[in-house]
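J.: Provided herewith: upload_6.pdb, PDB, C-alpha atoms and all ligand atoms.
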ATOM      1  CA  MET A   1      28.214 -41.591  14.090  1.00  0.00           C
ATOM      2  CA  SER A   2      26.377 -38.324  14.758  1.00  0.00           C
ATOM      3  CA  LYS A   3      27.383 -36.047  17.610  1.00  0.00           C
ATOM      4  CA  TRP A   4      24.288 -37.113  19.544  1.00  0.00           C
ATOM      5  CA  GLU A   5      25.058 -40.817  19.078  1.00  0.00           C
ATOM      6  CA  ALA A   6      28.641 -40.265  20.184  1.00  0.00           C
ATOM      7  CA  GLU A   7      27.414 -38.480  23.323  1.00  0.00           C
ATOM      8  CA  ARG A   8      25.006 -41.281  24.097  1.00  0.00           C
ATOM      9  CA  ALA A   9      27.695 -43.915  23.595  1.00  0.00           C
ATOM     10  CA  GLU A  10      30.000 -42.011  25.935  1.00  0.00           C
ATOM     11  CA  ARG A  11      27.271 -41.624  28.533  1.00  0.00           C
ATOM     12  CA  ASN A  12      26.463 -45.339  28.336  1.00  0.00           C
ATOM     13  CA  ARG A  13      30.118 -46.234  28.656  1.00  0.00           C
ATOM     14  CA  ARG A  14      30.289 -44.240  31.902  1.00  0.00           C
ATOM     15  CA  SER A  15      26.969 -45.698  33.162  1.00  0.00           C
ATOM     16  CA  ILE A  16      28.094 -49.274  32.481  1.00  0.00           C
ATOM     17  CA  ALA A  17      31.368 -48.633  34.326  1.00  0.00           C
ATOM     18  CA  ARG A  18      29.466 -47.201  37.314  1.00  0.00           C
ATOM     19  CA  LEU A  19      26.877 -49.975  37.286  1.00  0.00           C
ATOM     20  CA  THR A  20      29.509 -52.718  37.043  1.00  0.00           C
ATOM     21  CA  LYS A  21      31.455 -51.214  39.920  1.00  0.00           C
ATOM     22  CA  SER A  22      28.457 -51.065  42.271  1.00  0.00           C
ATOM     23  CA  LEU A  23      26.887 -54.350  41.174  1.00  0.00           C
ATOM     24  CA  PRO A  24      26.764 -56.952  43.970  1.00  0.00           C
ATOM     25  CA  GLY A  25      27.931 -60.505  43.270  1.00  0.00           C
ATOM     26  CA  ILE A  26      24.303 -61.645  43.116  1.00  0.00           C
ATOM     27  CA  PHE A  27      21.879 -59.669  40.969  1.00  0.00           C
ATOM     28  CA  PRO A  28      18.721 -60.691  39.068  1.00  0.00           C
ATOM     29  CA  SER A  29      20.045 -61.583  35.606  1.00  0.00           C
ATOM     30  CA  ALA A  30      16.846 -60.517  33.790  1.00  0.00           C
ATOM     31  CA  VAL A  31      17.210 -57.046  35.309  1.00  0.00           C
ATOM     32  CA  LEU A  32      20.859 -56.791  34.324  1.00  0.00           C
ATOM     33  CA  SER A  33      20.400 -57.888  30.723  1.00  0.00           C
ATOM     34  CA  ARG A  34      17.421 -55.539  30.386  1.00  0.00           C
ATOM     35  CA  ALA A  35      19.500 -52.663  31.814  1.00  0.00           C
ATOM     36  CA  LEU A  36      22.398 -53.246  29.430  1.00  0.00           C
ATOM     37  CA  GLY A  37      20.018 -53.284  26.480  1.00  0.00           C
ATOM     38  CA  ARG A  38      18.399 -49.908  27.276  1.00  0.00           C
ATOM     39  CA  PRO A  39      19.051 -46.914  24.987  1.00  0.00           C
ATOM     40  CA  PHE A  40      20.311 -45.219  28.163  1.00  0.00           C
ATOM     41  CA  VAL A  41      21.888 -47.697  30.549  1.00  0.00           C
ATOM     42  CA  PRO A  42      20.844 -47.069  34.175  1.00  0.00           C
ATOM     43  CA  PRO A  43      23.985 -46.204  36.170  1.00  0.00           C
ATOM     44  CA  THR A  44      23.138 -47.943  39.488  1.00  0.00           C
ATOM     45  CA  PRO A  45      21.647 -51.308  40.514  1.00  0.00           C
ATOM     46  CA  ARG A  46      18.663 -49.492  42.030  1.00  0.00           C
ATOM     47  CA  PHE A  47      17.966 -47.576  38.810  1.00  0.00           C
ATOM     48  CA  ALA A  48      18.345 -50.831  36.887  1.00  0.00           C
ATOM     49  CA  ILE A  49      15.634 -52.442  39.031  1.00  0.00           C
ATOM     50  CA  ASP A  50      13.347 -49.393  38.742  1.00  0.00           C
ATOM     51  CA  SER A  51      13.816 -49.371  34.995  1.00  0.00           C
ATOM     52  CA  TYR A  52      13.071 -53.117  34.800  1.00  0.00           C
ATOM     53  CA  TRP A  53       9.722 -52.828  36.587  1.00  0.00           C
ATOM     54  CA  GLY A  54       8.910 -49.582  34.780  1.00  0.00           C
ATOM     55  CA  THR A  55       9.013 -51.461  31.486  1.00  0.00           C
ATOM     56  CA  HIS A  56       7.016 -54.404  32.906  1.00  0.00           C
ATOM     57  CA  PRO A  57       3.958 -52.885  34.606  1.00  0.00           C
ATOM     58  CA  LEU A  58       1.812 -55.971  33.974  1.00  0.00           C
ATOM     59  CA  ARG A  59       4.383 -58.226  35.587  1.00  0.00           C
ATOM     60  CA  ALA A  60       4.525 -55.753  38.509  1.00  0.00           C
ATOM     61  CA  ASP A  61       0.707 -55.816  38.777  1.00  0.00           C
ATOM     62  CA  ARG A  62       0.711 -59.625  38.954  1.00  0.00           C
ATOM     63  CA  LEU A  63       3.584 -59.782  41.416  1.00  0.00           C
ATOM     64  CA  ALA A  64       2.142 -57.131  43.746  1.00  0.00           C
ATOM     65  CA  ARG A  65      -1.152 -59.035  43.948  1.00  0.00           C
ATOM     66  CA  ALA A  66       0.669 -62.333  44.533  1.00  0.00           C
ATOM     67  CA  LEU A  67       2.764 -60.779  47.322  1.00  0.00           C
ATOM     68  CA  ALA A  68      -0.357 -59.292  48.888  1.00  0.00           C
ATOM     69  CA  ALA A  69      -1.950 -62.752  48.820  1.00  0.00           C
ATOM     70  CA  ARG A  70       1.038 -64.009  50.803  1.00  0.00           C
ATOM     71  CA  SER A  71       0.364 -61.370  53.498  1.00  0.00           C
ATOM     72  CA  GLY A  72      -3.378 -61.826  53.556  1.00  0.00           C
ATOM     73  CA  VAL A  73      -5.717 -59.415  55.221  1.00  0.00           C
ATOM     74  CA  PRO A  74      -4.905 -58.138  58.722  1.00  0.00           C
ATOM     75  CA  THR A  75      -7.382 -59.211  61.404  1.00  0.00           C
ATOM     76  CA  GLY A  76     -10.149 -56.695  61.892  1.00  0.00           C
ATOM     77  CA  TRP A  77      -9.525 -54.785  58.667  1.00  0.00           C
ATOM     78  CA  SER A  78     -12.328 -53.800  56.321  1.00  0.00           C
ATOM     79  CA  TRP A  79     -12.340 -51.468  53.323  1.00  0.00           C
ATOM     80  CA  ARG A  80     -13.315 -48.049  54.613  1.00  0.00           C
ATOM     81  CA  LEU A  81     -13.127 -44.520  53.209  1.00  0.00           C
ATOM     82  CA  GLY A  82     -12.871 -41.151  54.875  1.00  0.00           C
ATOM     83  CA  GLY A  83      -9.162 -40.690  54.866  1.00  0.00           C
ATOM     84  CA  SER A  84      -6.990 -38.115  56.471  1.00  0.00           C
ATOM     85  CA  ARG A  85      -3.229 -37.832  56.554  1.00  0.00           C
ATOM     86  CA  LYS A  86      -3.366 -39.208  60.077  1.00  0.00           C
ATOM     87  CA  ASN A  87      -5.214 -42.480  59.608  1.00  0.00           C
ATOM     88  CA  GLY A  88      -4.101 -43.171  56.019  1.00  0.00           C
ATOM     89  CA  LEU A  89      -7.596 -44.281  54.903  1.00  0.00           C
ATOM     90  CA  PRO A  90      -8.342 -43.594  51.238  1.00  0.00           C
ATOM     91  CA  THR A  91     -10.574 -40.605  50.497  1.00  0.00           C
ATOM     92  CA  THR A  92     -12.264 -42.179  47.493  1.00  0.00           C
ATOM     93  CA  PHE A  93     -13.270 -45.629  46.243  1.00  0.00           C
ATOM     94  CA  ARG A  94     -11.058 -44.945  43.222  1.00  0.00           C
ATOM     95  CA  THR A  95      -7.957 -45.589  45.339  1.00  0.00           C
ATOM     96  CA  PRO A  96      -7.133 -49.289  45.667  1.00  0.00           C
ATOM     97  CA  PRO A  97      -7.774 -50.568  49.195  1.00  0.00           C
ATOM     98  CA  ALA A  98      -4.423 -51.086  50.935  1.00  0.00           C
ATOM     99  CA  PRO A  99      -4.597 -52.095  54.616  1.00  0.00           C
ATOM    100  CA  TYR A 100      -0.839 -51.829  55.106  1.00  0.00           C
ATOM    101  CA  ARG A 101      -0.921 -48.160  54.086  1.00  0.00           C
ATOM    102  CA  GLU A 102      -3.342 -47.450  56.928  1.00  0.00           C
ATOM    103  CA  ARG A 103      -1.755 -46.304  60.147  1.00  0.00           C
ATOM    104  CA  ALA A 104      -3.545 -48.937  62.243  1.00  0.00           C
ATOM    105  CA  TYR A 105      -2.185 -51.844  60.168  1.00  0.00           C
ATOM    106  CA  ALA A 106       1.128 -50.539  58.782  1.00  0.00           C
ATOM    107  CA  LYS A 107       4.025 -52.904  59.469  1.00  0.00           C
ATOM    108  CA  GLY A 108       6.619 -50.131  59.529  1.00  0.00           C
ATOM    109  CA  PRO A 109      10.035 -49.749  57.880  1.00  0.00           C
ATOM    110  CA  GLY A 110      11.319 -52.804  56.050  1.00  0.00           C
ATOM    111  CA  PHE A 111       7.815 -53.806  54.923  1.00  0.00           C
ATOM    112  CA  CYS A 112       5.987 -52.799  51.773  1.00  0.00           C
ATOM    113  CA  CYS A 113       2.955 -50.587  52.364  1.00  0.00           C
ATOM    114  CA  VAL A 114       1.164 -52.036  49.318  1.00  0.00           C
ATOM    115  CA  CYS A 115       1.545 -55.788  49.819  1.00  0.00           C
ATOM    116  CA  GLY A 116       2.726 -56.060  53.424  1.00  0.00           C
ATOM    117  CA  GLN A 117       5.734 -58.275  52.581  1.00  0.00           C
ATOM    118  CA  PRO A 118       9.366 -57.548  53.570  1.00  0.00           C
ATOM    119  CA  VAL A 119      11.336 -55.251  51.260  1.00  0.00           C
ATOM    120  CA  TYR A 120      14.931 -56.328  50.619  1.00  0.00           C
ATOM    121  CA  ARG A 121      17.995 -54.701  49.127  1.00  0.00           C
ATOM    122  CA  PHE A 122      17.330 -52.370  46.157  1.00  0.00           C
ATOM    123  CA  GLY A 123      13.584 -52.613  46.811  1.00  0.00           C
ATOM    124  CA  TRP A 124      13.590 -56.240  45.594  1.00  0.00           C
ATOM    125  CA  HIS A 125      10.945 -58.652  46.881  1.00  0.00           C
ATOM    126  CA  ALA A 126      13.225 -61.629  47.600  1.00  0.00           C
ATOM    127  CA  ASP A 127      16.264 -61.697  49.862  1.00  0.00           C
ATOM    128  CA  LEU A 128      18.822 -62.770  47.255  1.00  0.00           C
ATOM    129  CA  TRP A 129      21.619 -61.405  49.438  1.00  0.00           C
ATOM    130  CA  ASN A 130      20.656 -62.874  52.806  1.00  0.00           C
ATOM    131  CA  ALA A 131      20.816 -59.347  54.200  1.00  0.00           C
ATOM    132  CA  GLY A 132      17.341 -59.232  55.785  1.00  0.00           C
ATOM    133  CA  PRO A 133      14.744 -56.524  55.223  1.00  0.00           C
ATOM    134  CA  ASN A 134      15.906 -53.081  54.140  1.00  0.00           C
ATOM    135  CA  LYS A 135      14.898 -50.888  57.074  1.00  0.00           C
ATOM    136  CA  ASN A 136      14.927 -47.735  54.932  1.00  0.00           C
ATOM    137  CA  ALA A 137      12.293 -48.997  52.525  1.00  0.00           C
ATOM    138  CA  THR A 138       8.500 -49.077  52.663  1.00  0.00           C
ATOM    139  CA  TRP A 139       7.788 -49.948  49.005  1.00  0.00           C
ATOM    140  CA  HIS A 140       8.894 -52.732  46.691  1.00  0.00           C
ATOM    141  CA  CYS A 141       9.983 -51.322  43.342  1.00  0.00           C
ATOM    142  CA  ALA A 142       7.473 -53.694  41.748  1.00  0.00           C
ATOM    143  CA  CYS A 143       4.650 -52.557  44.030  1.00  0.00           C
ATOM    144  CA  ALA A 144       5.382 -48.878  43.345  1.00  0.00           C
ATOM    145  CA  VAL A 145       4.995 -49.572  39.617  1.00  0.00           C
ATOM    146  CA  ALA A 146       1.864 -51.669  40.249  1.00  0.00           C
ATOM    147  CA  TRP A 147       0.367 -48.866  42.353  1.00  0.00           C
ATOM    148  CA  GLN A 148       1.023 -46.392  39.557  1.00  0.00           C
ATOM    149  CA  PHE A 149      -0.617 -48.781  37.095  1.00  0.00           C
ATOM    150  CA  TRP A 150      -3.667 -49.280  39.335  1.00  0.00           C
ATOM    151  CA  THR A 151      -4.175 -45.558  39.946  1.00  0.00           C
ATOM    152  CA  THR A 152      -3.432 -44.275  36.418  1.00  0.00           C
ATOM    153  CA  PRO A 153      -3.975 -47.213  34.053  1.00  0.00           C
ATOM    154  CA  SER A 154      -4.493 -44.777  31.169  1.00  0.00           C
ATOM    155  CA  ASP A 155      -0.707 -44.218  31.196  1.00  0.00           C
ATOM    156  CA  GLN A 156      -0.419 -47.764  29.807  1.00  0.00           C
ATOM    157  CA  VAL A 157      -3.046 -47.412  27.093  1.00  0.00           C
ATOM    158  CA  GLY A 158      -0.463 -48.325  24.401  1.00  0.00           C
ATOM    159  CA  LEU A 159       0.476 -51.554  26.135  1.00  0.00           C
ATOM    160  CA  LEU A 160      -3.166 -52.511  26.773  1.00  0.00           C
ATOM    161  CA  ARG A 161      -4.082 -51.797  23.134  1.00  0.00           C
ATOM    162  CA  ARG A 162      -1.362 -54.152  21.930  1.00  0.00           C
ATOM    163  CA  LEU A 163      -2.577 -56.797  24.371  1.00  0.00           C
ATOM    164  CA  GLN A 164      -6.067 -56.591  22.806  1.00  0.00           C
ATOM    165  CA  ALA A 165      -4.626 -56.733  19.284  1.00  0.00           C
ATOM    166  CA  ARG A 166      -6.041 -53.202  18.814  1.00  0.00           C
ATOM    167  CA  ARG A 167      -9.642 -54.402  19.048  1.00  0.00           C
ATOM    168  CA  CYS A 168     -12.255 -52.595  21.127  1.00  0.00           C
ATOM    169  CA  GLY A 169     -13.024 -54.480  24.349  1.00  0.00           C
ATOM    170  CA  GLU A 170     -16.745 -53.649  24.054  1.00  0.00           C
ATOM    171  CA  THR A 171     -17.566 -53.891  20.358  1.00  0.00           C
ATOM    172  CA  GLY A 172     -14.699 -55.991  18.993  1.00  0.00           C
ATOM    173  CA  GLY A 173     -14.234 -53.347  16.277  1.00  0.00           C
ATOM    174  CA  ARG A 174     -10.959 -51.669  15.464  1.00  0.00           C
ATOM    175  CA  LEU A 175      -9.663 -49.372  18.198  1.00  0.00           C
ATOM    176  CA  TRP A 176      -9.432 -45.730  17.192  1.00  0.00           C
ATOM    177  CA  LYS A 177      -6.674 -43.369  18.275  1.00  0.00           C
ATOM    178  CA  THR A 178      -9.025 -41.785  20.817  1.00  0.00           C
ATOM    179  CA  ALA A 179      -9.808 -45.102  22.575  1.00  0.00           C
ATOM    180  CA  GLU A 180      -9.784 -45.020  26.357  1.00  0.00           C
ATOM    181  CA  VAL A 181      -8.948 -47.313  29.246  1.00  0.00           C
ATOM    182  CA  ASP A 182     -12.017 -48.563  31.085  1.00  0.00           C
ATOM    183  CA  HIS A 183     -12.724 -50.671  34.178  1.00  0.00           C
ATOM    184  CA  ARG A 184     -14.973 -53.517  33.007  1.00  0.00           C
ATOM    185  CA  ILE A 185     -16.680 -53.431  36.392  1.00  0.00           C
ATOM    186  CA  PRO A 186     -16.689 -49.731  37.283  1.00  0.00           C
ATOM    187  CA  LEU A 187     -15.039 -48.845  40.570  1.00  0.00           C
ATOM    188  CA  PHE A 188     -18.230 -47.350  42.038  1.00  0.00           C
ATOM    189  CA  ARG A 189     -19.817 -50.780  41.619  1.00  0.00           C
ATOM    190  CA  VAL A 190     -16.804 -52.469  43.172  1.00  0.00           C
ATOM    191  CA  TRP A 191     -17.323 -50.230  46.198  1.00  0.00           C
ATOM    192  CA  ARG A 192     -21.074 -50.746  46.240  1.00  0.00           C
ATOM    193  CA  GLU A 193     -21.356 -54.453  45.438  1.00  0.00           C
ATOM    194  CA  HIS A 194     -18.000 -56.076  46.137  1.00  0.00           C
ATOM    195  CA  ARG A 195     -16.816 -54.063  49.117  1.00  0.00           C
ATOM    196  CA  ASP A 196     -16.768 -57.136  51.363  1.00  0.00           C
ATOM    197  CA  ALA A 197     -14.847 -59.302  48.909  1.00  0.00           C
ATOM    198  CA  PRO A 198     -11.691 -60.564  50.537  1.00  0.00           C
ATOM    199  CA  TRP A 199      -8.507 -58.539  50.208  1.00  0.00           C
ATOM    200  CA  PRO A 200      -6.298 -58.868  48.228  1.00  0.00           C
ATOM    201  CA  GLU A 201      -8.654 -60.314  45.602  1.00  0.00           C
ATOM    202  CA  LEU A 202     -10.195 -56.837  45.629  1.00  0.00           C
ATOM    203  CA  LEU A 203      -6.993 -55.490  44.065  1.00  0.00           C
ATOM    204  CA  GLY A 204      -7.810 -57.460  40.921  1.00  0.00           C
ATOM    205  CA  TYR A 205     -10.473 -54.821  40.144  1.00  0.00           C
ATOM    206  CA  TRP A 206      -7.667 -52.275  39.684  1.00  0.00           C
ATOM    207  CA  GLY A 207      -5.343 -54.631  37.852  1.00  0.00           C
ATOM    208  CA  LEU A 208      -5.298 -56.167  34.413  1.00  0.00           C
ATOM    209  CA  PRO A 209      -8.232 -58.582  35.023  1.00  0.00           C
ATOM    210  CA  ASN A 210     -10.636 -55.611  35.175  1.00  0.00           C
ATOM    211  CA  LEU A 211      -9.056 -53.329  32.547  1.00  0.00           C
ATOM    212  CA  GLN A 212      -9.887 -52.957  28.890  1.00  0.00           C
ATOM    213  CA  VAL A 213      -9.412 -50.404  26.137  1.00  0.00           C
ATOM    214  CA  ILE A 214     -12.612 -49.380  24.405  1.00  0.00           C
ATOM    215  CA  ASN A 215     -13.519 -46.850  21.750  1.00  0.00           C
ATOM    216  CA  ARG A 216     -14.663 -43.495  22.974  1.00  0.00           C
ATOM    217  CA  GLU A 217     -18.264 -43.830  21.724  1.00  0.00           C
ATOM    218  CA  ALA A 218     -18.533 -47.238  23.408  1.00  0.00           C
ATOM    219  CA  HIS A 219     -17.121 -45.685  26.568  1.00  0.00           C
ATOM    220  CA  VAL A 220     -19.603 -42.802  26.548  1.00  0.00           C
ATOM    221  CA  ALA A 221     -22.479 -45.256  26.030  1.00  0.00           C
ATOM    222  CA  LYS A 222     -21.204 -47.542  28.803  1.00  0.00           C
ATOM    223  CA  CYS A 223     -20.795 -44.609  31.209  1.00  0.00           C
ATOM    224  CA  SER A 224     -24.301 -43.307  30.554  1.00  0.00           C
ATOM    225  CA  THR A 225     -25.788 -46.781  31.128  1.00  0.00           C
ATOM    226  CA  GLU A 226     -23.805 -46.985  34.353  1.00  0.00           C
ATOM    227  CA  ALA A 227     -25.000 -43.535  35.422  1.00  0.00           C
ATOM    228  CA  ARG A 228     -28.619 -44.557  34.723  1.00  0.00           C
ATOM    229  CA  ASP A 229     -28.169 -47.755  36.781  1.00  0.00           C
ATOM    230  CA  ARG A 230     -26.676 -45.671  39.566  1.00  0.00           C
ATOM    231  CA  ARG A 231     -29.632 -43.299  39.566  1.00  0.00           C
ATOM    232  CA  ALA A 232     -32.059 -46.211  39.520  1.00  0.00           C
ATOM    233  CA  ALA A 233     -30.240 -47.806  42.435  1.00  0.00           C
ATOM    234  CA  ARG A 234     -30.425 -44.549  44.381  1.00  0.00           C
ATOM    235  CA  TYR A 235     -34.148 -44.219  43.723  1.00  0.00           C
ATOM    236  CA  SER A 236     -34.880 -47.788  44.759  1.00  0.00           C
ATOM    237  CA  ALA A 237     -32.702 -47.342  47.838  1.00  0.00           C
ATOM    238  CA  SER A 238     -34.713 -44.259  48.790  1.00  0.00           C
ATOM    239  CA  GLY A 239     -37.967 -46.160  48.248  1.00  0.00           C
ATOM    240  CA  ILE A 240     -39.206 -43.855  45.433  1.00  0.00           C
ATOM    241  CA  ALA A 241     -39.165 -46.501  42.700  1.00  0.00           C
TER     242      ALA A 241
HETATM  243 ZN    ZN B 301       5.129 -54.873  47.902  1.00  0.00          ZN
END
Rewrite the structure from the file as structure tokens, please.
Ligand SMILES: [Zn+2]
T.:
Amino acid sequence: MSKWEAERAERNRRSIARLTKSLPGIFPSAVLSRALGRPFVPPTPRFAIDSYWGTHPLRADRLARALAARSGVPTGWSWRLGGSRKNGLPTTFRTPPAPYRERAYAKGPGFCCVCGQPVYRFGWHADLWNAGPNKNATWHCACAVAWQFWTTPSDQVGLLRRLQARRCGETGGRLWKTAEVDHRIPLFRVWREHRDAPWPELLGYWGLPNLQVINREAHVAKCSTEARDRRAARYSASGIA
């Protein structure tokens, strides 16, 4: 065993001891087995849960949208831009619409600002411990990972490539190293044409259903077509065309 391997084994031994000591009687078994199989074992239950969702962003994406569907849209809410720190509105249509992040609709501590559902112990989404909502939390671990995925999907390009069997989403050809993550329906069109779609279905435009990896040339071509359509739409809106 090399020095580095010995150090890692020692570190894992300490982490497992710490994790075992702080582990409650009830704990999601998938999270625990995942944690114990990591090259570096997370030393606390909370880290174990973070690490679990971190390695399952697509599961987190699905769960966050399902939880949001449980909350539904708050009465009177519509997707609006023009944010400031005070009102919590997004500044750009690139940010996923999230009513419960807006000051007027936020449910406060113990509720997730992404999906609006109660947050339980360790940021989990179900009350396995019968302890009620965790008043110190405003994010589910899963929703934090989903949010990250929705706002920077390019971080998961490797995962998305594997999902497409390394074929370009536009041409069907082999994906090159330089391939990029693309929104099938671009977000400017989501804002322009689907703005009034019900929330949380809107979130699907940021999640897996609207994401694909495409080769760079295909992406450039798609973007220039989109830009042309945008210009044409502006002209027709201004009555010039
Ligand atoms: Zn949530």
J.: I'd like the contact shell of region 173-175 of chain A - 7 Å cut-off, only C-alpha atoms, skipping same-chain residues fewer than 6 positions apart - returned as a PyMOL selection string.
T.: chain A and resi 166-167+214-215
J.: Could you dump the residues just selected with C-alpha atoms as a PDB file, in the frame of the given file?
T.:
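That gives us again.pdb:
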ATOM      1  CA  ARG A 166      -6.041 -53.202  18.814  1.00  0.00           C
ATOM      2  CA  ARG A 167      -9.642 -54.402  19.048  1.00  0.00           C
ATOM      3  CA  ILE A 214     -12.612 -49.380  24.405  1.00  0.00           C
ATOM      4  CA  ASN A 215     -13.519 -46.850  21.750  1.00  0.00           C
TER       5      ASN A 215
END
J.: Using all atoms listed in the file, find the one residue out of A:Phe40, A:Phe93, A:Tyr120, A:Trp150 that sits nearest to Gly207 (chain A).
T.: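 Residue with the minimum atom-to-atom distance to Gly207 (chain A): A:Trp150.
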J.: Around the point (-4.8, -41.1, 56.9) (coordinates from the file), which residues reach within 12 Å if we count all atoms listed in the file? Answer as a list in words.
T.: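 Using all atoms listed in the file, the matching residues come out as Arg80, Leu81, Gly82, Gly83, Ser84, Arg85, Lys86, Asn87, Gly88, Leu89, Pro90, Thr91, Ala98, Pro99, Tyr100, Arg101, Glu102, Arg103, Ala104, Tyr105 and Ala106 of chain A.
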J.: Can you tell me which residues come within 12 Å of ligand ZN 301 (chain B) when counting only C-alpha atoms and all ligand atoms, ideally as JSON, numbers by chain?
T.: {"A": [60, 61, 62, 63, 64, 65, 66, 67, 68, 69, 70, 71, 98, 100, 101, 107, 110, 111, 112, 113, 114, 115, 116, 117, 118, 119, 120, 123, 124, 125, 126, 137, 138, 139, 140, 141, 142, 143, 144, 145, 146, 147]}
J.: Can you spit out the residues from that selection as a short mmCIF file (atom, residue, chain, number, x, y, z; two decimals), in the frame of the given file, using C-alpha atoms?
T.:
data_model
loop_
_atom_site.label_atom_id
_atom_site.label_comp_id
_atom_site.auth_asym_id
_atom_site.auth_seq_id
_atom_site.Cartn_x
_atom_site.Cartn_y
_atom_site.Cartn_z
CA ALA A 60 4.53 -55.75 38.51
CA ASP A 61 0.71 -55.82 38.78
CA ARG A 62 0.71 -59.62 38.95
CA LEU A 63 3.58 -59.78 41.42
CA ALA A 64 2.14 -57.13 43.75
CA ARG A 65 -1.15 -59.04 43.95
CA ALA A 66 0.67 -62.33 44.53
CA LEU A 67 2.76 -60.78 47.32
CA ALA A 68 -0.36 -59.29 48.89
CA ALA A 69 -1.95 -62.75 48.82
CA ARG A 70 1.04 -64.01 50.80
CA SER A 71 0.36 -61.37 53.50
CA ALA A 98 -4.42 -51.09 50.94
CA TYR A 100 -0.84 -51.83 55.11
CA ARG A 101 -0.92 -48.16 54.09
CA LYS A 107 4.03 -52.90 59.47
CA GLY A 110 11.32 -52.80 56.05
CA PHE A 111 7.82 -53.81 54.92
CA CYS A 112 5.99 -52.80 51.77
CA CYS A 113 2.96 -50.59 52.36
CA VAL A 114 1.16 -52.04 49.32
CA CYS A 115 1.54 -55.79 49.82
CA GLY A 116 2.73 -56.06 53.42
CA GLN A 117 5.73 -58.28 52.58
CA PRO A 118 9.37 -57.55 53.57
CA VAL A 119 11.34 -55.25 51.26
CA TYR A 120 14.93 -56.33 50.62
CA GLY A 123 13.58 -52.61 46.81
CA TRP A 124 13.59 -56.24 45.59
CA HIS A 125 10.94 -58.65 46.88
CA ALA A 126 13.22 -61.63 47.60
CA ALA A 137 12.29 -49.00 52.52
CA THR A 138 8.50 -49.08 52.66
CA TRP A 139 7.79 -49.95 49.00
CA HIS A 140 8.89 -52.73 46.69
CA CYS A 141 9.98 -51.32 43.34
CA ALA A 142 7.47 -53.69 41.75
CA CYS A 143 4.65 -52.56 44.03
CA ALA A 144 5.38 -48.88 43.34
CA VAL A 145 5.00 -49.57 39.62
CA ALA A 146 1.86 -51.67 40.25
CA TRP A 147 0.37 -48.87 42.35
#
J.: Skip region 14-28 of chain A itself and residues of its chain fewer than 6 positions away, then list as a PyMOL selection string all residues within 9 Å of it, counting all atoms listed in the file.
T.: chain A and resi 36+40-45+48-49+128-129
J.: Go through A:Cys223, A:Ala218, A:Cys168, A:Leu163 and flag the residue nearest Ile185 (chain A), using all atoms listed in the file for the distances.
T.: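 That would be A:Cys223, the residue with the smallest distance to Ile185 (chain A).
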J.: Using all atoms listed in the file - which residues lie no farther than 6 Å from the point (19.6, -53.0, 45.1) in the file's frame? Write them as a list of chain:residue names.
T.: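 Every residue inside that radius is included here: A:Pro45, A:Arg46, A:Arg121, A:Phe122.
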J.: Between CA of Pro57 (chain A) and CA of Ala9 (chain A), what is the distance in Å, rounded to a tenth?
T.: 27.7 Å
J.: What's the separation between CA of Leu202 (chain A) and CA of Pro133 (chain A), in Å to one decimal place?
T.: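 Going from CA of Leu202 (chain A) over to CA of Pro133 (chain A) covers 26.7 Å.
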J.: Find the residue from A:Gly158, A:Pro109, A:Val73, A:Asp127 that sits nearest to Ala179 (chain A); use all atoms listed in the file when measuring.
T.: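 For Ala179 (chain A), the nearest of the given residues is A:Gly158.
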J.: Give the padded box for region 52-59 of chain A as AutoDock Vina command-line options: axis-aligned, covering all atoms listed in the file, 6 Å on each side, centre and edge lengths in Å to one decimal.
T.:
--center_x 7.4 --center_y -53.9 --center_z 34.0 --size_x 23.3 --size_y 20.6 --size_z 17.1
J.: Please compute the CA of Val181 (chain A)-CA of Tyr205 (chain A) distance, one decimal, in Å.
T.: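 These atoms are spaced 13.3 Å apart.
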J.: Given the choices A:Glu217, A:Asn136, A:Pro96, A:Gly172, which gets closest to Trp191 (chain A) if the distance is worked out from all atoms listed in the file?
T.: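 Once distances to Trp191 (chain A) are computed over all atoms listed in the file, the minimum belongs to A:Pro96.
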J.: Suppose a student applies the PyMOL selection byres (((chain A and resi 159) around 12) and not hetatm) to this structure; what residues should they get, written as a PyMOL selection string?
T.: chain A and resi 55-58+149+153-158+160-166+181+208+211-213
J.: When you count all atoms listed in the file, which of these residues is closest to Trp79 (chain A): A:Arg189, A:Ala131, A:Pro97, A:Arg184?
T.: A:Pro97
J.: Using the incomplete input, complete region 183-189 of chain A to the level of N, CA and C atoms; output as a tab-separated table (two decimals), in the frame of the given file.
T.:
chain	number	residue	atom	x	y	z
A	183	HIS	N	-12.58	-49.55	33.24
A	183	HIS	CA	-12.72	-50.67	34.18
A	183	HIS	C	-13.97	-51.44	33.77
A	184	ARG	N	-13.81	-52.72	33.43
A	184	ARG	CA	-14.97	-53.52	33.01
A	184	ARG	C	-16.08	-53.39	34.05
A	185	ILE	N	-15.74	-53.70	35.29
A	185	ILE	CA	-16.68	-53.43	36.39
A	185	ILE	C	-16.27	-52.10	36.98
A	186	PRO	N	-17.11	-51.06	36.82
A	186	PRO	CA	-16.69	-49.73	37.28
A	186	PRO	C	-16.41	-49.71	38.79
A	187	LEU	N	-15.49	-48.84	39.18
A	187	LEU	CA	-15.04	-48.84	40.57
A	187	LEU	C	-16.15	-48.48	41.55
A	188	PHE	N	-17.13	-47.67	41.11
A	188	PHE	CA	-18.23	-47.35	42.04
A	188	PHE	C	-19.03	-48.60	42.36
A	189	ARG	N	-19.10	-49.52	41.36
A	189	ARG	CA	-19.82	-50.78	41.62
A	189	ARG	C	-18.99	-51.72	42.48
